[in-house]
file input-v5.txt (compact mmCIF, C-alpha atoms)
# COMPACT_ATOMS: atom_id res chain seq x y z
CA MET H 13 114.16 8.11 153.36
CA ASN H 14 111.40 8.38 155.97
CA VAL H 15 110.57 11.89 154.77
CA ILE H 16 109.95 10.53 151.25
CA TYR H 17 107.56 7.92 152.66
CA VAL H 18 105.59 10.56 154.56
CA VAL H 19 105.44 12.85 151.51
CA SER H 20 104.30 9.94 149.33
CA ILE H 21 101.57 8.86 151.78
CA VAL H 22 100.33 12.43 152.25
CA LEU H 23 100.23 12.86 148.46
CA ALA H 24 98.23 9.63 148.09
CA GLY H 25 95.85 10.77 150.84
CA ALA H 26 95.36 14.14 149.18
CA ALA H 27 94.74 12.47 145.80
CA ALA H 28 92.21 10.09 147.39
CA LEU H 29 90.42 13.06 148.92
CA ALA H 30 90.41 14.75 145.50
CA VAL H 31 88.73 11.63 144.01
CA VAL H 32 85.97 11.81 146.62
CA LEU H 33 85.46 15.55 146.28
CA THR H 34 85.49 15.77 142.46
CA GLN H 35 82.00 16.38 141.10
CA ASP H 36 82.52 16.26 137.32
CA LEU H 37 82.67 12.62 136.17
CA ILE H 38 85.29 13.05 133.43
CA ARG H 39 87.55 14.87 135.87
CA LEU H 40 86.81 12.13 138.39
CA ALA H 41 88.21 9.50 136.02
CA MET H 42 91.38 11.56 135.64
CA ALA H 43 91.63 12.14 139.39
CA ALA H 44 91.26 8.39 139.98
CA SER H 45 94.03 7.78 137.45
CA PHE H 46 96.30 10.29 139.21
CA TYR H 47 95.48 8.78 142.61
CA THR H 48 96.67 5.36 141.38
CA LEU H 49 99.84 7.01 140.10
CA THR H 50 100.61 8.25 143.63
CA LEU H 51 100.14 4.67 144.87
CA VAL H 52 102.53 3.45 142.14
CA VAL H 53 105.18 5.86 143.45
CA PHE H 54 104.56 4.57 146.98
CA PHE H 55 104.95 0.93 145.90
CA LEU H 56 108.17 1.82 144.08
CA LEU H 57 109.52 3.44 147.26
CA LEU H 58 108.69 0.23 149.14
CA GLN H 59 110.76 -1.66 146.51
CA ALA H 60 107.81 -3.58 145.09
CA PRO H 61 108.24 -2.92 141.34
CA ASP H 62 106.05 -5.86 140.28
CA VAL H 63 103.09 -4.59 142.28
CA ALA H 64 103.80 -1.06 141.07
CA LEU H 65 103.68 -2.22 137.44
CA SER H 66 100.39 -4.08 137.97
CA GLU H 67 98.89 -1.07 139.71
CA LEU H 68 100.17 1.18 136.93
CA VAL H 69 98.69 -0.79 134.02
CA VAL H 70 95.36 -1.58 135.67
CA GLY H 71 94.75 1.51 137.80
CA THR H 72 96.23 4.20 135.59
CA ILE H 73 95.37 2.83 132.14
CA ALA H 74 92.64 0.19 132.04
CA TYR H 75 90.35 1.36 134.84
CA PRO H 76 90.07 5.04 133.79
CA VAL H 77 89.48 3.97 130.17
CA VAL H 78 86.58 1.69 131.13
CA LEU H 79 85.28 4.45 133.41
CA LEU H 80 85.54 7.06 130.63
CA VAL H 81 83.76 4.91 128.07
CA ALA H 82 81.00 4.08 130.58
CA ILE H 83 80.52 7.80 131.27
CA LEU H 84 80.40 8.53 127.51
CA ILE H 85 77.77 5.80 126.99
CA ASP H 86 75.71 7.28 129.81
CA ARG H 87 76.00 10.84 128.43
CA ALA H 88 75.05 9.77 124.91
CA GLU H 89 71.90 8.14 126.27
CA MET P 19 67.81 10.05 159.62
CA THR P 20 68.70 13.68 160.08
CA ARG P 21 71.92 15.17 158.80
CA ARG P 22 73.14 15.54 162.38
CA ALA P 23 72.51 11.89 163.21
CA ARG P 24 74.26 10.78 160.04
CA LEU P 25 77.28 12.94 160.85
CA ILE P 26 77.47 11.39 164.33
CA VAL P 27 77.31 7.85 162.90
CA PHE P 28 79.97 8.77 160.35
CA GLY P 29 82.17 10.35 163.00
CA VAL P 30 82.06 7.27 165.23
CA ALA P 31 82.71 4.91 162.29
CA ALA P 32 85.54 7.03 160.89
CA ALA P 33 87.23 7.37 164.28
CA GLY P 34 86.93 3.63 164.86
CA LEU P 35 88.35 2.81 161.42
CA ALA P 36 91.19 5.28 161.90
CA ALA P 37 92.03 3.78 165.30
CA LEU P 38 92.02 0.25 163.84
CA LEU P 39 94.21 1.30 160.91
CA ILE P 40 96.74 3.06 163.15
CA TRP P 41 96.80 0.09 165.54
CA GLY P 42 97.33 -2.31 162.62
CA THR P 43 100.01 -0.14 161.03
CA LEU P 44 101.99 0.07 164.27
CA GLY P 45 102.10 -3.74 164.38
CA ILE P 46 103.69 -4.07 160.94
CA PRO P 47 107.29 -5.35 161.09
CA ASP P 48 109.97 -2.81 160.16
CA PHE P 49 110.91 -2.37 156.52
CA GLY P 50 113.07 -5.32 155.46
CA HIS P 51 112.20 -7.36 158.58
CA TYR P 52 109.59 -9.71 157.14
CA HIS P 53 108.70 -12.56 159.52
CA GLY P 54 107.00 -15.10 157.21
CA ARG P 55 109.01 -18.33 157.08
CA TYR P 56 107.86 -19.31 153.60
CA GLY P 57 108.87 -15.95 152.15
CA GLN P 58 112.31 -16.10 153.73
CA ILE P 59 112.94 -19.59 152.38
CA LEU P 60 111.92 -18.50 148.87
CA ASN P 61 114.02 -15.33 149.11
CA ARG P 62 117.04 -17.46 149.93
CA ASP P 63 116.51 -20.35 147.51
CA ALA P 64 114.42 -19.21 144.54
CA VAL P 65 117.25 -17.71 142.49
CA LYS P 66 119.52 -20.70 143.10
CA GLU P 67 116.79 -23.27 142.44
CA ARG P 68 115.12 -21.74 139.39
CA GLN P 69 117.76 -19.32 138.03
CA ALA P 70 115.01 -16.67 137.87
CA THR P 71 116.37 -13.38 139.21
CA ASN P 72 112.84 -11.99 139.61
CA THR P 73 111.72 -13.97 142.66
CA VAL P 74 108.19 -12.57 142.36
CA THR P 75 107.77 -14.15 138.93
CA ALA P 76 109.34 -17.40 140.17
CA ILE P 77 106.68 -17.55 142.88
CA VAL P 78 103.78 -16.49 140.67
CA PHE P 79 104.57 -18.79 137.73
CA ASP P 80 106.30 -21.69 139.45
CA TYR P 81 105.95 -22.21 143.20
CA ARG P 82 102.37 -20.89 143.20
CA GLY P 83 101.62 -21.48 139.51
CA LEU P 84 98.28 -23.06 140.30
CA ASP P 85 97.06 -19.87 142.02
CA THR P 86 98.01 -17.86 138.96
CA MET P 87 96.06 -20.27 136.76
CA GLY P 88 93.01 -19.59 138.94
CA GLU P 89 93.53 -15.84 138.64
CA GLU P 90 93.89 -16.13 134.89
CA PHE P 91 90.59 -17.96 134.70
CA ILE P 92 88.89 -15.30 136.85
CA LEU P 93 89.80 -12.77 134.16
CA PHE P 94 88.81 -15.26 131.45
CA ALA P 95 85.39 -15.83 133.04
CA ALA P 96 84.80 -12.10 133.59
CA VAL P 97 85.60 -11.22 129.98
CA THR P 98 83.53 -14.13 128.66
CA GLY P 99 80.63 -12.76 130.71
CA VAL P 100 81.06 -9.28 129.25
CA ALA P 101 81.18 -10.67 125.71
CA LEU P 102 78.09 -12.84 126.29
CA LEU P 103 76.07 -9.96 127.72
CA LEU P 104 77.06 -7.22 125.30
CA ARG P 105 77.50 -9.16 122.06
CA GLU P 106 74.06 -10.68 122.05
CA THR P 107 72.09 -7.46 122.31
CA ARG P 108 74.24 -5.25 120.13
CA GLN P 109 73.76 -4.45 116.48
CA ARG P 110 76.95 -3.78 114.56
CA VAL P 111 77.54 -0.22 113.53
CA PRO P 112 78.41 -0.21 109.82
CA ASN P 113 80.37 3.02 109.91
CA PRO P 114 80.99 4.56 113.30
CA ILE P 115 81.96 8.22 113.14
CA ASP P 116 84.72 9.02 115.55
CA PRO P 117 87.58 10.71 113.68
CA VAL P 118 90.37 12.33 115.68
CA ARG P 119 90.32 15.99 114.71
CA SER P 120 93.71 17.07 116.08
CA GLU P 121 96.67 16.22 113.83
CA ALA P 122 99.04 16.57 116.81
CA VAL P 123 97.12 13.97 118.83
CA ARG P 124 97.04 11.65 115.84
CA ALA P 125 100.78 11.99 115.09
CA VAL P 126 101.92 11.55 118.70
CA GLY P 127 99.53 8.65 119.25
CA ILE P 128 100.57 6.75 116.14
CA CYS P 129 104.26 7.26 116.97
CA LEU P 130 103.65 5.88 120.46
CA VAL P 131 102.02 2.65 119.22
CA PRO P 132 105.27 0.84 118.20
CA ALA P 133 107.07 2.14 121.29
CA VAL P 134 104.37 0.85 123.67
CA LEU P 135 104.18 -2.43 121.74
CA THR P 136 107.95 -2.92 122.14
CA LEU P 137 107.79 -2.07 125.84
CA GLY P 138 105.00 -4.62 126.34
CA LEU P 139 106.91 -7.39 124.55
CA TRP P 140 110.04 -6.51 126.54
CA ILE P 141 108.19 -6.68 129.87
CA VAL P 142 106.68 -10.08 128.97
CA ALA P 143 109.95 -11.53 127.66
CA HIS P 144 111.96 -10.46 130.73
CA GLY P 145 109.39 -11.65 133.25
CA ALA P 146 111.80 -14.08 134.90
CA VAL P 147 114.67 -11.58 134.91
CA THR P 148 113.35 -8.10 135.78
CA PRO P 149 110.10 -6.76 137.33
CA GLY P 150 107.05 -7.41 135.22
CA GLY P 151 105.77 -10.48 133.43
CA GLY P 152 102.86 -11.82 131.45
CA PHE P 153 100.14 -9.92 133.26
CA GLN P 154 101.73 -6.47 133.28
CA GLY P 155 103.16 -6.84 129.77
CA GLY P 156 99.81 -8.14 128.52
CA VAL P 157 97.96 -5.04 129.67
CA ILE P 158 100.66 -2.82 128.13
CA LEU P 159 100.27 -4.68 124.80
CA ALA P 160 96.50 -4.14 124.98
CA ALA P 161 97.14 -0.45 125.71
CA ALA P 162 99.21 -0.20 122.51
CA PHE P 163 96.18 -1.31 120.50
CA LEU P 164 93.97 1.00 122.52
CA LEU P 165 96.20 3.89 121.39
CA LEU P 166 95.08 3.06 117.85
CA TRP P 167 91.55 3.91 118.88
CA LEU P 168 92.58 7.03 120.81
CA ALA P 169 94.79 8.39 118.02
CA GLY P 170 93.00 6.91 115.03
CA SER P 171 89.48 5.55 114.95
CA LEU P 172 87.40 2.61 116.07
CA ARG P 173 87.63 1.29 112.51
CA ALA P 174 91.42 1.18 112.70
CA TYR P 175 91.17 -0.55 116.07
CA THR P 176 88.70 -3.22 114.94
CA ARG P 177 90.59 -3.81 111.70
CA VAL P 178 93.83 -4.58 113.55
CA THR P 179 92.08 -6.69 116.19
CA PRO P 180 89.44 -8.80 114.42
CA THR P 181 87.16 -10.37 117.02
CA PRO P 182 87.49 -14.03 115.92
CA PHE P 183 91.28 -13.73 116.07
CA VAL P 184 91.18 -12.13 119.54
CA ASP P 185 88.77 -14.83 120.74
CA LEU P 186 91.18 -17.50 119.49
CA THR P 187 94.13 -15.78 121.17
CA GLU P 188 92.25 -15.61 124.46
CA GLY P 189 91.52 -19.34 124.35
CA THR P 190 95.05 -20.21 123.25
CA GLY P 191 96.58 -18.26 126.12
CA ALA P 192 94.32 -19.68 128.81
CA GLY P 193 94.47 -23.19 127.36
CA GLY P 194 98.24 -23.02 126.83
CA TYR P 195 98.79 -22.41 130.53
CA VAL P 196 96.76 -25.50 131.43
CA LEU P 197 98.53 -27.50 128.72
CA VAL P 198 101.97 -26.77 130.23
CA GLY P 199 100.61 -28.09 133.52
CA LEU P 200 99.15 -31.19 131.87
CA VAL P 201 102.43 -32.03 130.11
CA ALA P 202 104.10 -32.22 133.52
CA LEU P 203 101.28 -34.46 134.72
CA LEU P 204 101.71 -36.78 131.70
CA LEU P 205 105.41 -37.13 132.47
CA GLY P 206 104.61 -38.30 135.98
CA GLU P 207 105.42 -35.01 137.75
CA PRO P 208 103.04 -32.80 139.79
CA PHE P 209 100.72 -30.48 137.83
CA LEU P 210 102.59 -27.38 136.54
CA HIS P 211 105.95 -28.80 137.65
CA ASN P 212 108.84 -26.85 136.10
CA LEU P 213 110.23 -29.28 133.50
CA LEU P 214 112.53 -27.35 131.21
CA PRO P 215 116.23 -26.68 131.85
CA TYR P 216 116.54 -23.65 134.12
CA GLY P 217 119.37 -21.99 132.20
CA LEU P 218 121.61 -19.28 133.63
CA ALA P 219 120.29 -16.63 136.03
CA GLY P 220 119.89 -13.27 134.34
CA LYS P 221 119.57 -14.69 130.82
CA LEU P 222 116.42 -14.28 128.75
CA SER P 223 115.98 -18.04 128.60
CA SER P 224 116.32 -18.62 132.36
CA GLY P 225 113.60 -20.02 134.57
CA GLY P 226 112.65 -23.21 132.73
CA SER P 227 108.96 -23.18 131.88
CA ILE P 228 108.38 -19.82 133.61
CA PRO P 229 108.84 -17.85 130.32
CA ILE P 230 106.38 -20.16 128.51
CA LEU P 231 103.75 -19.64 131.21
CA ASN P 232 104.53 -15.92 131.01
CA TRP P 233 103.82 -15.82 127.29
CA ALA P 234 100.62 -17.86 127.69
CA THR P 235 99.44 -15.42 130.35
CA ALA P 236 100.43 -12.47 128.17
CA LEU P 237 98.33 -13.85 125.27
CA ALA P 238 95.32 -14.43 127.52
CA VAL P 239 95.57 -11.04 129.26
CA THR P 240 96.15 -9.04 126.07
CA ALA P 241 93.20 -10.72 124.38
CA ALA P 242 91.02 -10.31 127.48
CA PHE P 243 91.61 -6.57 127.62
CA LEU P 244 91.21 -6.20 123.84
CA LEU P 245 87.85 -8.00 124.03
CA LEU P 246 86.79 -5.87 126.99
CA PHE P 247 87.73 -2.63 125.20
CA ALA P 248 86.15 -3.75 121.93
CA GLU P 249 82.82 -4.58 123.59
CA PHE P 250 82.74 -1.29 125.47
CA LEU P 251 83.91 0.84 122.55
CA GLU P 252 81.44 -0.66 120.10
CA GLU P 253 78.70 -0.23 122.66
CA ARG P 254 79.63 3.44 122.82
CA SER P 255 79.70 4.04 119.06
CA PHE P 256 76.40 2.15 118.75
CA VAL P 257 74.77 4.52 121.21
CA ILE P 258 76.24 7.62 119.58
CA ALA P 259 75.35 6.46 116.06
CA GLY P 260 71.81 5.77 117.26
CA LYS P 261 71.55 9.26 118.63
CA HIS P 262 72.62 10.88 115.37
CA LYS P 263 69.86 9.23 113.36
call {"tool": "encode", "arguments": {"input": "input-v5.txt", "output": "structure tokens"}}
result
Amino acid sequence: MNVIYVVSIVLAGAAALAVVLTQDLIRLAMAASFYTLTLVVFFLLLQAPDVALSELVVGTIAYPVVLLVAILIDRAE
Amino acid sequence: MTRRARLIVFGVAAAGLAALLIWGTLGIPDFGHYHGRYGQILNRDAVKERQATNTVTAIVFDYRGLDTMGEEFILFAAVTGVALLLRETRQRVPNPIDPVRSEAVRAVGICLVPAVLTLGLWIVAHGAVTPGGGFQGGVILAAAFLLLWLAGSLRAYTRVTPTPFVDLTEGTGAGGYVLVGLVALLLGEPFLHNLLPYGLAGKLSSGGSIPILNWATALAVTAAFLLLFAEFLEERSFVIAGKHK
């Protein structure tokens, strides 16, 4: 079980690094979405399904969508 | 500041933060060995007292129901602010052009709408029984409508979610939560006291007034996200339509 924790944390760390290092904004929104997904997996492993669900709906769906639309508004201008 | 100086400052700050984080993490109790008294009491008694098998929901919508009301009104205030700021300055686009060109995207998206809608309703309805509840289910319900925009068009989205109706839903959800609390007050109990029969643990109807508060929250959250998306999406099509002129 401990191995799964370590793998999950390392994956989240790598995804967080990817968010910081991504230059293209559209890809950044997708990277941020994926990063939250790694956190969701981590929360599930810690047996916190309620928190995982909240993180999933806000971090993986709502936040990237708002980010995407904001980027599109900016590009159109 | 030179690049070198900035790197040194960053290095010191990062090392300090890392040390603090590691120190803090080492002090965390082992998995399953939580030390908070309040949490242990609730873990032991919540299911017996409220017949709600999801202790998290029992805490959020019963024992700490007042906190959740505050959180709900944070979202309410934020969305009201967005609507006030964006609605005033925006002109309505008569015919925004944003058709989905791929038939595959359209077909898959439209097929997903009822599935996501069902999932959202299921998560809200079973808030007291399984993980989830009004907040999570509410965002999923909003996402189902959002799929209409992604797979169809903004016109389809706005036609299914007319703004006056969404506004009304938002108010009904937020107000309904307060109303449940006020009913308890009128009957001489503390604000938001759980009044209804608790039912049997594991049943859909268990938890007393927890399911009602769940549905009120779901209404408020769904409407809040729909309003948020609508304001942003219309802003976007306004800008793009303006550019095409």
call {"tool": "closest_atom_pairs", "arguments": {"input": "input-v5.txt", "of": "region 121-190 of chain P", "to": "region 213-233 of chain P", "cutoff": "9 Å", "atoms": "only C-alpha atoms", "output": "CSV"}}
result
residue,atom,partner,partner_atom,distance
P:Val142,CA,P:Asn232,CA,6.5
P:Ala143,CA,P:Pro229,CA,6.9
P:His144,CA,P:Leu222,CA,6.2
P:Gly145,CA,P:Asn232,CA,6.8
P:Ala146,CA,P:Gly225,CA,6.2
P:Val147,CA,P:Gly220,CA,5.5
P:Thr148,CA,P:Gly220,CA,8.5
P:Gly151,CA,P:Asn232,CA,6.1
P:Gly152,CA,P:Asn232,CA,4.4
P:Phe153,CA,P:Asn232,CA,7.8
P:Gly156,CA,P:Trp233,CA,8.8
call {"tool": "closest_residue", "arguments": {"input": "input-v5.txt", "among": "H:Ile85, H:Ala43, H:Val22, H:Leu79", "to": "chain P", "atoms": "all atoms listed in the file"}}
result
H:Ile85
call {"tool": "closest_residue", "arguments": {"input": "input-v5.txt", "among": "P:Cys129, P:Ala31, P:Ala96, P:Ala162", "to": "chain H", "atoms": "all atoms listed in the file"}}
result
P:Ala162
call {"tool": "interface_residues", "arguments": {"input": "input-v5.txt", "of": "chain H", "to": "chain P", "cutoff": "10 Å", "atoms": "all atoms listed in the file", "output": "list in words"}}
result
Leu58, Gln59, Ala60, Pro61, Asp62, Val63, Ala64, Leu65, Ser66, Glu67, Leu68, Val69, Val70, Ile73, Ala74, Val77, Val78, Val81, Ala82, Ile83, Leu84, Ile85, Asp86, Arg87, Ala88 and Glu89 of chain H
call {"tool": "closest_residue", "arguments": {"input": "input-v5.txt", "among": "H:Leu80, H:Thr50, H:Ala41, H:Leu56", "to": "Ala26 (chain H)", "atoms": "only C-alpha atoms"}}
result
H:Thr50
call {"tool": "residues_around", "arguments": {"input": "input-v5.txt", "residues": "region 179-194 of chain P", "least_positions_apart": "5", "cutoff": "9 Å", "atoms": "only C-alpha atoms", "output": "list of chain:residue names"}}
result
P:Met87, P:Glu90, P:Phe91, P:Phe94, P:Phe163, P:Ala174, P:Gly199, P:Ile230, P:Leu231, P:Trp233, P:Ala234, P:Thr235, P:Ala236, P:Leu237, P:Ala238, P:Val239, P:Thr240, P:Ala241, P:Ala242, P:Leu244, P:Leu245, P:Ala248
call {"tool": "atom_distance", "arguments": {"input": "input-v5.txt", "atom1": "CA of Arg124 (chain P)", "atom2": "CA of Gly170 (chain P)"}}
result
6.3 Å
call {"tool": "atom_distance", "arguments": {"input": "input-v5.txt", "atom1": "CA of Ile59 (chain P)", "atom2": "CA of Ala76 (chain P)"}}
result
12.9 Å
call {"tool": "atom_distance", "arguments": {"input": "input-v5.txt", "atom1": "CA of Leu210 (chain P)", "atom2": "CA of Asp85 (chain P)"}}
result
10.8 Å
call {"tool": "closest_residue", "arguments": {"input": "input-v5.txt", "among": "P:Leu84, P:Leu159, P:Ala37, P:Ile92", "to": "Val198 (chain P)", "atoms": "all atoms listed in the file"}}
result
P:Leu84
call {"tool": "closest_residue", "arguments": {"input": "input-v5.txt", "among": "P:Val30, P:Leu168, P:Leu204, P:Leu35", "to": "Ala125 (chain P)", "atoms": "all atoms listed in the file"}}
result
P:Leu168
call {"tool": "axis_aligned_box", "arguments": {"input": "input-v5.txt", "around": "region 166-172 of chain P", "padding_each_side": "8 Å", "output": "JSON"}}
result
{"center_x": 91.2, "center_y": 5.5, "center_z": 117.9, "size_x": 23.7, "size_y": 21.8, "size_z": 21.9}
